[in-house]
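Asker: Take a look at model16.pdb, PDB, C-alpha atoms:
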```pdb
MODEL        1
ATOM      1  CA  MET A   1       0.000   0.000   0.000
ATOM      2  CA  GLY A   2       1.019   3.543  -0.572
ATOM      3  CA  PHE A   3       1.544   6.220   1.997
ATOM      4  CA  PHE A   4      -1.833   7.898   1.424
ATOM      5  CA  SER A   5      -3.688   4.589   1.506
ATOM      6  CA  ASP A   6      -2.098   3.745   4.855
ATOM      7  CA  PHE A   7      -2.867   7.231   6.142
ATOM      8  CA  LYS A   8      -6.517   6.961   5.074
ATOM      9  CA  ALA A   9      -6.830   3.520   6.667
ATOM     10  CA  SER A  10      -5.327   4.881   9.876
ATOM     11  CA  LEU A  11      -7.785   7.786   9.972
ATOM     12  CA  MET A  12     -10.798   5.610   9.320
ATOM     13  CA  ARG A  13     -10.191   3.213  12.191
ATOM     14  CA  GLY A  14     -12.823   3.404  14.910
ATOM     15  CA  ASP A  15     -10.456   4.475  17.680
ATOM     16  CA  VAL A  16      -9.306   7.569  15.764
ATOM     17  CA  LEU A  17     -12.885   8.609  15.033
ATOM     18  CA  SER A  18     -13.817   8.028  18.679
ATOM     19  CA  LEU A  19     -10.881  10.152  19.785
ATOM     20  CA  ALA A  20     -11.863  12.949  17.401
ATOM     21  CA  THR A  21     -15.424  12.847  18.715
ATOM     22  CA  ALA A  22     -14.165  12.940  22.304
ATOM     23  CA  VAL A  23     -11.977  15.967  21.563
ATOM     24  CA  VAL A  24     -14.882  17.894  20.020
ATOM     25  CA  ILE A  25     -17.244  17.013  22.868
ATOM     26  CA  GLY A  26     -14.499  17.804  25.394
ATOM     27  CA  GLY A  27     -14.024  21.241  23.858
ATOM     28  CA  ALA A  28     -17.748  21.945  24.043
ATOM     29  CA  PHE A  29     -17.894  20.668  27.628
ATOM     30  CA  GLY A  30     -14.899  22.867  28.467
ATOM     31  CA  LYS A  31     -16.838  25.912  27.277
ATOM     32  CA  ILE A  32     -19.805  24.917  29.435
ATOM     33  CA  VAL A  33     -17.609  24.434  32.497
ATOM     34  CA  GLY A  34     -15.738  27.675  31.805
ATOM     35  CA  SER A  35     -18.990  29.598  31.531
ATOM     36  CA  ALA A  36     -20.332  28.029  34.727
ATOM     37  CA  VAL A  37     -17.168  28.989  36.584
ATOM     38  CA  ASP A  38     -16.797  32.515  35.141
ATOM     39  CA  ASP A  39     -20.463  33.503  35.040
ATOM     40  CA  VAL A  40     -21.976  31.697  38.033
ATOM     41  CA  ILE A  41     -19.412  30.542  40.563
ATOM     42  CA  MET A  42     -16.740  33.275  40.427
ATOM     43  CA  PRO A  43     -19.220  36.108  41.154
ATOM     44  CA  ILE A  44     -20.214  34.187  44.286
ATOM     45  CA  VAL A  45     -16.538  33.752  45.220
ATOM     46  CA  GLY A  46     -16.043  37.476  44.591
ATOM     47  CA  LEU A  47     -18.938  38.262  46.889
ATOM     48  CA  ILE A  48     -17.514  35.999  49.610
ATOM     49  CA  THR A  49     -14.016  37.511  49.335
ATOM     50  CA  GLY A  50     -15.324  41.073  49.346
ATOM     51  CA  GLY A  51     -14.849  41.714  45.638
ATOM     52  CA  ILE A  52     -11.115  41.037  45.562
ATOM     53  CA  ASP A  53      -9.773  40.769  42.020
ATOM     54  CA  PHE A  54      -6.844  38.418  42.444
ATOM     55  CA  THR A  55      -5.561  39.117  38.938
ATOM     56  CA  GLN A  56      -4.589  42.633  40.077
ATOM     57  CA  LYS A  57      -2.390  41.432  42.960
ATOM     58  CA  PHE A  58       1.304  41.903  42.222
ATOM     59  CA  VAL A  59       4.698  42.750  43.661
ATOM     60  CA  ALA A  60       6.930  45.231  41.838
ATOM     61  CA  LEU A  61      10.513  44.001  41.857
ATOM     62  CA  ASN A  62      11.988  47.504  41.643
ATOM     63  CA  GLY A  63      10.667  48.326  45.144
ATOM     64  CA  GLU A  64       8.382  51.136  44.010
ATOM     65  CA  SER A  65       4.660  51.305  44.706
ATOM     66  CA  TYR A  66       2.108  51.478  41.869
ATOM     67  CA  ALA A  67      -1.628  52.100  41.980
ATOM     68  CA  ASN A  68      -2.428  49.019  39.915
ATOM     69  CA  LEU A  69      -0.910  46.402  37.661
ATOM     70  CA  ASP A  70      -1.469  48.438  34.500
ATOM     71  CA  ALA A  71       0.450  51.382  35.984
ATOM     72  CA  ALA A  72       3.349  49.112  36.916
ATOM     73  CA  LYS A  73       3.467  47.608  33.428
ATOM     74  CA  ALA A  74       3.226  51.057  31.820
ATOM     75  CA  ALA A  75       6.218  52.168  33.908
ATOM     76  CA  GLY A  76       8.132  49.145  32.629
ATOM     77  CA  ALA A  77       8.568  47.668  36.094
ATOM     78  CA  ALA A  78       9.266  43.979  36.434
ATOM     79  CA  VAL A  79       6.401  42.495  38.430
ATOM     80  CA  ILE A  80       5.478  39.167  39.953
ATOM     81  CA  THR A  81       1.756  38.732  39.424
ATOM     82  CA  TYR A  82       1.101  36.259  42.207
ATOM     83  CA  GLY A  83      -2.612  37.046  41.939
ATOM     84  CA  ASN A  84      -2.796  35.239  38.600
ATOM     85  CA  LEU A  85      -1.468  32.101  40.288
ATOM     86  CA  VAL A  86      -4.014  32.422  43.091
ATOM     87  CA  GLN A  87      -6.791  32.932  40.530
ATOM     88  CA  ALA A  88      -5.634  29.899  38.507
ATOM     89  CA  ILE A  89      -5.614  27.733  41.648
ATOM     90  CA  ILE A  90      -9.117  28.898  42.608
ATOM     91  CA  ASN A  91     -10.344  28.211  39.059
ATOM     92  CA  PHE A  92      -8.746  24.760  39.107
ATOM     93  CA  VAL A  93     -10.389  23.817  42.400
ATOM     94  CA  ILE A  94     -13.786  25.083  41.262
ATOM     95  CA  ILE A  95     -13.561  23.372  37.859
ATOM     96  CA  SER A  96     -12.401  20.128  39.490
ATOM     97  CA  LEU A  97     -15.327  20.264  41.912
ATOM     98  CA  PHE A  98     -17.753  21.015  39.070
ATOM     99  CA  ILE A  99     -16.485  18.100  36.965
ATOM    100  CA  PHE A 100     -16.575  15.800  40.023
ATOM    101  CA  VAL A 101     -20.242  16.679  40.616
ATOM    102  CA  VAL A 102     -21.131  16.082  36.950
ATOM    103  CA  LEU A 103     -19.278  12.744  36.818
ATOM    104  CA  ARG A 104     -20.834  11.641  40.100
ATOM    105  CA  ALA A 105     -24.318  12.415  38.754
ATOM    106  CA  ALA A 106     -23.504  10.500  35.550
ATOM    107  CA  GLU A 107     -22.339   7.481  37.580
ATOM    108  CA  LYS A 108     -25.544   7.511  39.628
ATOM    109  CA  ALA A 109     -27.620   7.667  36.448
ATOM    110  CA  LYS A 110     -25.610   4.789  34.986
ATOM    111  CA  LYS A 111     -26.140   2.672  38.118
ATOM    112  CA  LYS A 112     -29.898   3.265  37.918
ATOM    113  CA  GLU A 113     -29.900   2.006  34.325
ATOM    114  CA  GLU A 114     -27.941  -1.089  35.331
ATOM    115  CA  ALA A 115     -30.271  -1.750  38.269
ATOM    116  CA  ALA A 116     -33.208  -2.289  35.915
ATOM    117  CA  PRO A 117     -34.888  -5.639  36.627
ATOM    118  CA  ALA A 118     -33.508  -8.529  34.642
ATOM    119  CA  ALA A 119     -35.729 -10.746  32.549
ATOM    120  CA  PRO A 120     -36.939 -13.813  34.425
ATOM    121  CA  ALA A 121     -34.548 -16.695  33.985
ATOM    122  CA  GLY A 122     -35.711 -19.885  32.357
ATOM    123  CA  PRO A 123     -35.551 -23.264  34.033
ATOM    124  CA  SER A 124     -32.163 -24.387  35.259
ATOM    125  CA  GLN A 125     -30.304 -27.300  33.748
ATOM    126  CA  GLU A 126     -31.294 -29.528  36.664
ATOM    127  CA  GLU A 127     -34.973 -28.687  36.216
ATOM    128  CA  LEU A 128     -34.772 -29.512  32.511
ATOM    129  CA  LEU A 129     -33.063 -32.836  33.210
ATOM    130  CA  THR A 130     -35.711 -33.645  35.823
ATOM    131  CA  GLN A 131     -38.461 -32.913  33.312
ATOM    132  CA  ILE A 132     -36.770 -35.090  30.680
ATOM    133  CA  ARG A 133     -36.389 -37.918  33.183
ATOM    134  CA  ASP A 134     -40.055 -37.687  34.176
ATOM    135  CA  LEU A 135     -41.125 -37.717  30.529
ATOM    136  CA  LEU A 136     -38.951 -40.782  29.849
ATOM    137  CA  LYS A 137     -40.523 -42.590  32.813
ATOM    138  CA  LYS A 138     -44.015 -42.023  31.370
TER     139      LYS A 138
ENDMDL
END
```
Since I need it in another form, could you write the structure as structure tokens?

Answerer:
Amino acid sequence: MGFFSDFKASLMRGDVLSLATAVVIGGAFGKIVGSAVDDVIMPIVGLITGGIDFTQKFVALNGESYANLDAAKAAGAAVITYGNLVQAIINFVIISLFIFVVLRAAEKAKKKEEAAPAAPAGPSQEELLTQIRDLLKK
């Protein structure tokens, strides 16, 4: 086979298509989770923390004091924006919790589907043999 034939065969295998589907669905789910965190949960966190915007927390390495991060950057000061790290950690914890809750709900729904009553079982092998024996006796 040629290179392109092998490449086409590789792309058309089920596992590659499943992976592509998972990536697309994962991207869409990421947008949902991001929106839930940014639009619903973070305003609540902001209310709890008194409206602190962690992304504006910084330390200027030149020792001078600046009104805000934009002023420090405009002055060309080297800054450590530790607030971005704090914000990323908070986002990670919230997103992890959100995904945990969704996966837990999915597992519970899956268990309910599996707990559906099974079809009644037919006679066991012993019962069938007993019936055959009784019919042979007659």

Asker: Please, which residues are within 12 Å of (-12.9, 20.9, 36.3) by the file's coordinates, counting all atoms listed in the file, and could they come as a PyMOL selection string?

Answerer: chain A and resi 26+29-37+88-103

Asker: On this structure, the PyMOL selection byres ((chain A and resi 47-62) around 8) would catch which residues? List them as a list of chain:residue names, sorted by chain and number.

Answerer: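 Evaluating the PyMOL selection byres ((chain A and resi 47-62) around 8) on this file yields A:Pro43, A:Ile44, A:Val45, A:Gly46, A:Gly63, A:Glu64, A:Ser65, A:Tyr66, A:Asn68, A:Leu69, A:Ala72, A:Ala77, A:Ala78, A:Val79, A:Ile80, A:Thr81, A:Tyr82, A:Gly83, A:Asn84, A:Val86, A:Gln87.
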
Asker: Expressed in Å to a single decimal, how great is the separation between atom CA of Pro120 of chain A and atom CA of Ile132 of chain A?

Answerer: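 Between atom CA of Pro120 of chain A and atom CA of Ile132 of chain A the gap is 21.6 Å.
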
Asker: Between atom CA of Val40 of chain A and atom CA of Arg104 of chain A, what is the distance, to one decimal in Å?

Answerer: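 Computing the Euclidean distance for atom CA of Val40 of chain A and atom CA of Arg104 of chain A yields 20.2 Å.
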
Asker: For the atom pair atom CA of Leu19 of chain A and atom CA of Phe7 of chain A, what is the interatomic distance in Å to one decimal place?

Answerer: 16.1 Å

Asker: How big is the axis-aligned box around all listed atoms of segment 88-92 of chain A once 8 Å goes on each side, and where's its centre, in Å to one decimal, as lines of an AutoDock Vina configuration file?

Answerer:
```
center_x = -8.0
center_y = 27.3
center_z = 40.6
size_x = 20.7
size_y = 21.1
size_z = 20.1
```
